[in-house]
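Reproduced below: model38.txt, with compact mmCIF, C-alpha atoms and all ligand atoms.
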```
# COMPACT_ATOMS: atom_id res chain seq x y z
CA MET C 277 10.56 0.41 -14.09
CA LYS C 278 6.92 -0.38 -14.91
CA ILE C 279 4.87 -0.09 -11.74
CA GLY C 280 1.21 -0.84 -11.15
CA VAL C 281 -0.49 0.83 -8.20
CA LEU C 282 -3.83 -0.81 -7.47
CA GLY C 283 -6.06 1.70 -5.71
CA THR C 284 -6.95 5.35 -6.31
CA GLY C 285 -7.29 6.56 -2.70
CA GLY C 286 -4.80 8.80 -0.94
CA VAL C 287 -2.25 6.01 -0.55
CA GLY C 288 -2.33 4.96 -4.19
CA GLN C 289 -2.11 8.60 -5.28
CA THR C 290 0.85 9.31 -2.98
CA ILE C 291 2.83 6.24 -4.05
CA ALA C 292 2.02 6.66 -7.74
CA ALA C 293 2.97 10.35 -7.75
CA ARG C 294 6.26 9.76 -5.95
CA LEU C 295 7.31 6.90 -8.23
CA ALA C 296 6.31 8.79 -11.38
CA ASP C 297 8.29 11.80 -10.14
CA LEU C 298 11.26 9.46 -9.77
CA GLY C 299 10.95 8.57 -13.45
CA HIS C 300 9.11 5.25 -13.26
CA ASP C 301 6.44 4.21 -15.75
CA VAL C 302 3.43 4.21 -13.41
CA MET C 303 -0.19 3.19 -13.91
CA ILE C 304 -2.79 3.63 -11.17
CA GLY C 305 -5.70 1.18 -11.17
CA THR C 306 -9.39 1.52 -10.46
CA ARG C 307 -12.63 -0.36 -11.16
CA ASP C 308 -13.76 2.12 -13.79
CA PRO C 309 -11.35 4.76 -15.17
CA ASP C 310 -14.14 6.94 -16.60
CA GLN C 311 -16.00 7.01 -13.30
CA SER C 312 -12.79 7.76 -11.41
CA ARG C 313 -11.90 10.59 -13.79
CA ALA C 314 -15.36 12.05 -13.06
CA ARG C 315 -14.83 12.01 -9.27
CA THR C 316 -14.93 15.75 -8.50
CA LYS C 317 -15.70 15.49 -4.78
CA PRO C 318 -12.63 16.47 -2.73
CA ASP C 319 -11.29 13.86 -0.31
CA TRP C 320 -10.22 14.63 3.28
CA ARG C 321 -7.05 16.26 1.91
CA GLY C 322 -9.20 18.65 -0.13
CA ILE C 323 -8.36 17.29 -3.59
CA SER C 324 -10.63 15.30 -5.90
CA PHE C 325 -9.37 12.40 -7.99
CA ALA C 326 -10.39 14.32 -11.13
CA ASP C 327 -8.07 17.17 -10.17
CA TRP C 328 -5.32 14.84 -8.98
CA ILE C 329 -5.15 12.83 -12.21
CA ALA C 330 -5.28 16.03 -14.29
CA GLN C 331 -2.30 17.37 -12.29
CA HIS C 332 -0.39 14.08 -12.67
CA SER C 333 -0.40 13.51 -16.40
CA HIS C 334 2.75 11.37 -16.01
CA VAL C 335 0.61 8.75 -14.19
CA GLN C 336 -1.53 6.57 -16.45
CA LEU C 337 -4.99 5.52 -15.33
CA GLY C 338 -6.25 2.00 -16.05
CA THR C 339 -8.55 -0.71 -14.83
CA PHE C 340 -7.31 -2.99 -12.08
CA ALA C 341 -6.60 -5.62 -14.78
CA GLU C 342 -4.71 -3.21 -17.05
CA THR C 343 -2.70 -1.94 -14.08
CA ALA C 344 -1.76 -5.42 -12.90
CA ALA C 345 -0.72 -6.34 -16.46
CA HIS C 346 1.30 -3.11 -16.75
CA GLY C 347 3.36 -3.46 -13.57
CA GLU C 348 6.53 -5.46 -13.13
CA LEU C 349 6.13 -4.47 -9.50
CA LEU C 350 2.68 -4.00 -7.97
CA PHE C 351 1.29 -2.19 -4.92
CA ASN C 352 -2.00 -3.15 -3.29
CA CYS C 353 -3.45 0.14 -2.07
CA THR C 354 -7.09 -0.90 -1.97
CA SER C 355 -9.42 -0.82 1.01
CA GLY C 356 -8.58 -3.87 3.11
CA MET C 357 -12.21 -5.01 3.38
CA ILE C 358 -12.36 -5.48 -0.40
CA SER C 359 -8.74 -6.12 -1.38
CA LEU C 360 -9.52 -9.71 -2.38
CA ASP C 361 -12.33 -8.48 -4.66
CA ALA C 362 -10.12 -5.81 -6.20
CA LEU C 363 -7.34 -8.34 -6.82
CA ALA C 364 -9.87 -10.74 -8.35
CA LEU C 365 -10.79 -7.93 -10.77
CA ALA C 366 -7.06 -7.50 -11.48
CA GLY C 367 -7.06 -11.14 -12.56
CA ALA C 368 -4.94 -14.06 -11.38
CA ASP C 369 -3.15 -14.29 -14.74
CA ASN C 370 -2.11 -10.63 -14.61
CA LEU C 371 -0.85 -11.07 -11.04
CA ALA C 372 0.98 -14.34 -11.61
CA ASP C 373 4.70 -14.32 -10.76
CA LYS C 374 4.68 -10.59 -9.91
CA VAL C 375 5.90 -9.08 -6.65
CA LEU C 376 3.08 -7.27 -4.84
CA ILE C 377 3.78 -4.89 -1.97
CA ASP C 378 0.68 -5.18 0.20
CA VAL C 379 0.07 -1.87 1.93
CA SER C 380 -3.54 -2.63 2.89
CA ASN C 381 -5.03 -3.01 6.36
CA PRO C 382 -8.12 -5.06 7.26
CA LEU C 383 -9.82 -2.20 9.08
CA ASP C 384 -13.49 -2.84 9.72
CA TYR C 385 -15.57 0.06 11.03
CA SER C 386 -18.94 -1.62 10.35
CA SER C 387 -19.74 -2.02 14.06
CA GLY C 388 -19.05 1.67 14.65
CA ALA C 389 -15.75 0.92 16.38
CA LEU C 390 -12.42 -0.07 14.84
CA GLU C 391 -12.03 -3.83 14.45
CA LEU C 392 -9.72 -5.93 12.32
CA SER C 393 -11.70 -8.17 9.98
CA VAL C 394 -8.98 -10.80 10.39
CA CYS C 395 -6.29 -11.17 13.09
CA ASN C 396 -4.46 -13.41 15.57
CA THR C 397 -4.37 -16.64 13.56
CA ASP C 398 -4.56 -15.15 10.06
CA SER C 399 -4.07 -11.85 8.26
CA LEU C 400 -5.08 -10.05 5.08
CA GLY C 401 -1.57 -10.53 3.72
CA GLU C 402 -1.92 -14.29 4.15
CA GLN C 403 -5.43 -14.30 2.67
CA ILE C 404 -4.08 -12.55 -0.43
CA GLN C 405 -1.16 -14.98 -0.67
CA ARG C 406 -3.51 -17.99 -0.37
CA ALA C 407 -5.98 -16.60 -2.92
CA PHE C 408 -3.21 -15.88 -5.46
CA PRO C 409 -0.51 -18.52 -4.87
CA ARG C 410 1.62 -17.43 -7.84
CA LEU C 411 1.72 -13.84 -6.62
CA LYS C 412 4.72 -12.98 -4.44
CA VAL C 413 3.14 -11.01 -1.61
CA VAL C 414 5.38 -8.84 0.55
CA LYS C 415 3.58 -7.06 3.37
CA ALA C 416 5.19 -3.66 3.89
CA LEU C 417 4.50 0.04 4.50
CA ASN C 418 1.09 -0.53 6.14
CA THR C 419 2.19 0.84 9.54
CA MET C 420 2.64 4.51 8.68
CA ASN C 421 0.87 7.34 6.88
CA ALA C 422 1.33 7.47 3.10
CA SER C 423 3.41 10.65 3.21
CA VAL C 424 5.91 8.85 5.49
CA MET C 425 5.89 5.70 3.33
CA VAL C 426 7.36 7.54 0.36
CA ASN C 427 9.47 10.00 2.34
CA PRO C 428 10.77 8.58 5.62
CA ALA C 429 13.11 11.58 5.88
CA LEU C 430 9.98 13.54 6.84
CA LEU C 431 10.62 12.27 10.38
CA PRO C 432 13.86 12.71 12.32
CA GLY C 433 16.03 9.80 13.42
CA GLU C 434 15.82 6.10 12.70
CA HIS C 435 12.39 4.56 12.36
CA ALA C 436 11.25 1.28 10.92
CA VAL C 437 9.47 -0.24 7.99
CA PHE C 438 8.65 -3.94 8.37
CA VAL C 439 8.60 -6.54 5.58
CA ALA C 440 7.11 -10.03 5.66
CA GLY C 441 6.69 -12.56 2.89
CA ASP C 442 7.25 -16.17 1.86
CA ASP C 443 9.41 -15.48 -1.19
CA THR C 444 12.92 -14.52 -0.09
CA PRO C 445 14.07 -13.00 -3.42
CA ALA C 446 10.83 -10.97 -3.59
CA LYS C 447 11.49 -9.65 -0.09
CA ALA C 448 15.05 -8.74 -1.11
CA THR C 449 13.68 -6.91 -4.17
CA VAL C 450 11.23 -4.96 -2.01
CA THR C 451 13.85 -4.16 0.63
CA ASP C 452 16.20 -2.84 -2.03
CA PHE C 453 13.37 -0.87 -3.66
CA LEU C 454 12.30 0.74 -0.36
CA ARG C 455 15.88 1.75 0.39
CA ARG C 456 16.73 3.00 -3.10
CA GLU C 457 13.50 4.71 -4.16
CA PHE C 458 12.03 6.01 -0.90
CA GLY C 459 15.21 6.26 1.19
CA TRP C 460 14.29 3.80 3.97
CA ARG C 461 17.25 2.96 6.20
CA GLN C 462 15.73 0.66 8.83
CA VAL C 463 14.00 -2.22 7.02
CA ILE C 464 13.19 -5.05 9.45
CA ASP C 465 12.44 -8.53 8.07
CA LEU C 466 9.71 -10.22 10.12
CA GLY C 467 10.02 -13.53 8.29
CA ASP C 468 7.34 -15.30 6.28
CA ILE C 469 3.93 -13.91 5.38
CA THR C 470 2.51 -14.79 8.81
CA GLY C 471 4.49 -11.71 9.92
CA ALA C 472 1.62 -9.76 8.31
CA ARG C 473 -0.44 -10.59 11.44
CA ALA C 474 1.97 -8.61 13.60
CA VAL C 475 2.06 -5.50 11.43
CA GLU C 476 -1.68 -5.47 10.73
CA MET C 477 -2.33 -5.81 14.47
CA LEU C 478 -0.26 -2.65 15.04
CA LEU C 479 -3.03 -0.62 13.43
CA PRO C 480 -5.26 -0.27 16.51
CA LEU C 481 -2.20 1.25 18.22
CA TRP C 482 -1.51 3.55 15.24
CA VAL C 483 -5.12 4.72 15.26
CA ARG C 484 -4.90 5.51 19.00
CA LEU C 485 -1.56 7.29 18.63
CA MET C 486 -2.86 9.70 16.01
CA PRO C 487 -5.15 11.72 18.35
CA ALA C 488 -2.74 11.22 21.25
CA LEU C 489 0.09 12.80 19.25
CA GLY C 490 -2.11 15.19 17.27
CA THR C 491 -0.49 14.35 13.94
CA ILE C 492 -0.41 11.70 11.22
CA HIS C 493 3.31 12.23 10.75
CA PHE C 494 4.85 9.69 13.10
CA ASN C 495 6.19 6.16 12.91
CA PHE C 496 7.34 3.21 15.01
CA ALA C 497 11.02 3.02 15.95
CA VAL C 498 12.69 -0.07 17.40
CA ALA C 499 15.34 0.65 20.03
CA ARG C 500 17.85 -2.05 20.96
N1 LIG I 1 -4.23 6.29 4.71
C1 LIG I 1 -2.99 5.91 4.94
O1 LIG I 1 -2.06 6.73 5.03
C2 LIG I 1 -2.71 4.43 5.06
C3 LIG I 1 -1.56 4.02 5.71
C4 LIG I 1 -1.24 2.65 5.75
C5 LIG I 1 -2.09 1.75 5.12
N2 LIG I 1 -3.23 2.17 4.52
C6 LIG I 1 -4.08 1.20 3.81
O2 LIG I 1 -3.94 1.47 2.42
C7 LIG I 1 -5.13 1.05 1.72
C8 LIG I 1 -5.61 2.20 0.83
O3 LIG I 1 -6.09 3.25 1.64
P1 LIG I 1 -6.71 4.56 0.93
O4 LIG I 1 -7.26 5.38 2.03
O5 LIG I 1 -5.75 5.13 -0.01
O6 LIG I 1 -7.86 4.00 -0.01
P2 LIG I 1 -9.26 3.29 0.32
O7 LIG I 1 -10.33 4.32 0.30
O8 LIG I 1 -9.13 2.42 1.53
O9 LIG I 1 -9.41 2.34 -0.98
C9 LIG I 1 -9.58 2.91 -2.23
C10 LIG I 1 -9.58 1.86 -3.29
O10 LIG I 1 -10.43 0.75 -2.94
C11 LIG I 1 -11.19 0.42 -4.10
N3 LIG I 1 -12.49 -0.18 -3.77
C12 LIG I 1 -13.39 0.27 -2.86
N4 LIG I 1 -14.48 -0.55 -2.85
C13 LIG I 1 -14.23 -1.53 -3.77
C14 LIG I 1 -14.95 -2.68 -4.19
N5 LIG I 1 -16.15 -3.00 -3.68
N6 LIG I 1 -14.38 -3.48 -5.13
C15 LIG I 1 -13.16 -3.19 -5.66
N7 LIG I 1 -12.42 -2.10 -5.29
C16 LIG I 1 -12.96 -1.28 -4.36
C17 LIG I 1 -11.43 1.74 -4.79
O11 LIG I 1 -11.72 1.48 -6.15
P3 LIG I 1 -12.11 2.64 -7.17
O12 LIG I 1 -10.82 3.25 -7.58
O13 LIG I 1 -12.79 1.90 -8.26
O14 LIG I 1 -13.01 3.60 -6.43
C18 LIG I 1 -10.09 2.45 -4.61
O15 LIG I 1 -9.22 2.16 -5.65
C19 LIG I 1 -6.12 0.64 2.81
O16 LIG I 1 -6.12 -0.75 2.93
C20 LIG I 1 -5.58 1.30 4.07
O17 LIG I 1 -5.93 0.62 5.24
C21 LIG I 1 -3.57 3.49 4.50
```
Translate the structure described by the file into structure tokens.
Amino acid sequence: MKIGVLGTGGVGQTIAARLADLGHDVMIGTRDPDQSRARTKPDWRGISFADWIAQHSHVQLGTFAETAAHGELLFNCTSGMISLDALALAGADNLADKVLIDVSNPLDYSSGALELSVCNTDSLGEQIQRAFPRLKVVKALNTMNASVMVNPALLPGEHAVFVAGDDTPAKATVTDFLRREFGWRQVIDLGDITGARAVEMLLPLWVRLMPALGTIHFNFAVAR
């Protein structure tokens, strides 16, 4: 399948690598491919984008617009504060009628403390859906670390990934994709795209749990 991963950070890299390893035709998108290829500064994981892309020659690198045009299925893995700008660069025509898995979180650290730039009565998922009405936005995977997103078997037992979106067939496509490609077993449908509020508002809890548990490898489980 042709997949476009918008965003060259750790999340985009992790998703792109996993899907390319699985045999998909993957392009990862950035504002400027030449500048990204020249990024030699290691990130917090100790690897630079220049080294990563050299080691993943089965992942193509393109602009946001080229990547959106390439993908039959798209992932938004851009920084939540600028996701709308990045998607504008991708271009409404390239996004039209595509399914986009929105992994982003509206985390705003500008005050020095963690805040959500949007919450309660709105969400980033909804803002994206409103800005690009022909795009089929499915909020998913934003409530766990990237390594868990693509490999839920990393953690023992049943744990959950949530999906929310207005387009029912798009949500079914994403649910099937998450099960088939990444091996998710517990996919919980939170309804329409307003469900994005609930999962984005889990992030302050996730951020508190990380130091409390001393690891990034954990996830939410729903007992009933
Ligand atoms: N870290 C995790 O495990 C995790 C888990 C769940 C959800 N998330 C969410 O996943 C998303 C990606 O996180 P990340 O840490 O991988 O990457 P990130 O550093 O949050 O975002 C990187 C991407 O944002 C783009 N970008 C930055 N400023 C821009 C601007 N002004 N205009 C257009 N594009 C811009 C960058 O473009 P260039 O390529 O051009 O530099 C890059 O592609 C975030 O929303 C995050 O909250 C992360």
* Shell of 9 Å around Leu295 in chain C, all atoms listed in the file, local chain residues under 4 positions omitted, as a list in words ->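 Selected residues are Ile279, Thr290, Ile291, Gly299, His300, Asp301, Val302, Val426, Glu457 and Phe458 of chain C.
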* **Contacts of ligand LIG 1 (chain I), 6 Å or closer, all atoms listed in the file, given as a PyMOL selection string** => chain C and resi 283-288+306-308+353-356+358+361-362+379-381+418-422
* Contacts of Phe453 in chain C at 12 Å or less, counting only C-alpha atoms, minus same-chain residues fewer than 3 places along, as a PyMOL selection string? -> chain C and resi 277+279+295+349-350+375+377+416+426+439+446-450+456-461+463
What would the file look like if the residues just selected were written as a PDB file, keeping the file's coordinate frame with C-alpha atoms?
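Contents of the output file part_8.pdb:
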```pdb
ATOM      1  CA  MET C 277      10.560   0.410 -14.090  1.00  0.00           C
ATOM      2  CA  ILE C 279       4.870  -0.090 -11.740  1.00  0.00           C
ATOM      3  CA  LEU C 295       7.310   6.900  -8.230  1.00  0.00           C
ATOM      4  CA  LEU C 349       6.130  -4.470  -9.500  1.00  0.00           C
ATOM      5  CA  LEU C 350       2.680  -4.000  -7.970  1.00  0.00           C
ATOM      6  CA  VAL C 375       5.900  -9.080  -6.650  1.00  0.00           C
ATOM      7  CA  ILE C 377       3.780  -4.890  -1.970  1.00  0.00           C
ATOM      8  CA  ALA C 416       5.190  -3.660   3.890  1.00  0.00           C
ATOM      9  CA  VAL C 426       7.360   7.540   0.360  1.00  0.00           C
ATOM     10  CA  VAL C 439       8.600  -6.540   5.580  1.00  0.00           C
ATOM     11  CA  ALA C 446      10.830 -10.970  -3.590  1.00  0.00           C
ATOM     12  CA  LYS C 447      11.490  -9.650  -0.090  1.00  0.00           C
ATOM     13  CA  ALA C 448      15.050  -8.740  -1.110  1.00  0.00           C
ATOM     14  CA  THR C 449      13.680  -6.910  -4.170  1.00  0.00           C
ATOM     15  CA  VAL C 450      11.230  -4.960  -2.010  1.00  0.00           C
ATOM     16  CA  ARG C 456      16.730   3.000  -3.100  1.00  0.00           C
ATOM     17  CA  GLU C 457      13.500   4.710  -4.160  1.00  0.00           C
ATOM     18  CA  PHE C 458      12.030   6.010  -0.900  1.00  0.00           C
ATOM     19  CA  GLY C 459      15.210   6.260   1.190  1.00  0.00           C
ATOM     20  CA  TRP C 460      14.290   3.800   3.970  1.00  0.00           C
ATOM     21  CA  ARG C 461      17.250   2.960   6.200  1.00  0.00           C
ATOM     22  CA  VAL C 463      14.000  -2.220   7.020  1.00  0.00           C
TER      23      VAL C 463
END
```
* Exercise: residues within 10 Å of coordinate (-3.9, -9.7, -11.7), counting only C-alpha atoms, as a PyMOL selection string -> chain C and resi 282+340-347+350+362-374+408+411
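Picture a line from CA of Glu348 in chain C to CA of Leu360 in chain C; it runs 19.8 Å.
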* State, in Å with one decimal place, the distance from CA of Gly490 in chain C to CA of Leu454 in chain C. => 27.0 Å
* Using all atoms listed in the file, which residues sit within 10 Å of His435 in chain C once same-chain residues fewer than 3 positions away are excluded, as JSON, numbers by chain? -> {"C": [428, 429, 431, 432, 460, 461, 462, 463, 494, 495, 496, 497, 498, 499]}
* CA of Ile464 in chain C to CA of Ala440 in chain C, distance in Å rounded to a single decimal ->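 That distance, rounded to one decimal, is 8.7 Å.
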* Using only C-alpha atoms, which of the listed residues (C:Gln403, C:Ser333, C:Thr316, C:Thr397) sits closest to Met357 in chain C? -> C:Gln403
Quick one: what's the axis-aligned box for range 305-308 of chain C, all listed atoms, 5 Å on every side, centre and edges in Å to one decimal, as AutoDock Vina command-line options?
```
--center_x -9.7 --center_y 0.9 --center_z -12.1 --size_x 18.1 --size_y 12.5 --size_z 13.3
```
* Could you give me, as a list in words, the residues within 10 Å of Asp443 in chain C, counting only C-alpha atoms and dropping anything in the same chain fewer than 6 positions from it? => Val375, Leu411, Lys412, Val413, Val414, Gly467, Asp468 and Ile469 of chain C
* Which residues, written as a PyMOL selection string, have at least one atom at most 8 Å from Arg473 in chain C, with only C-alpha atoms counted and residues fewer than 2 positions away on the same chain left out? -> chain C and resi 395-401+470-471+475-477
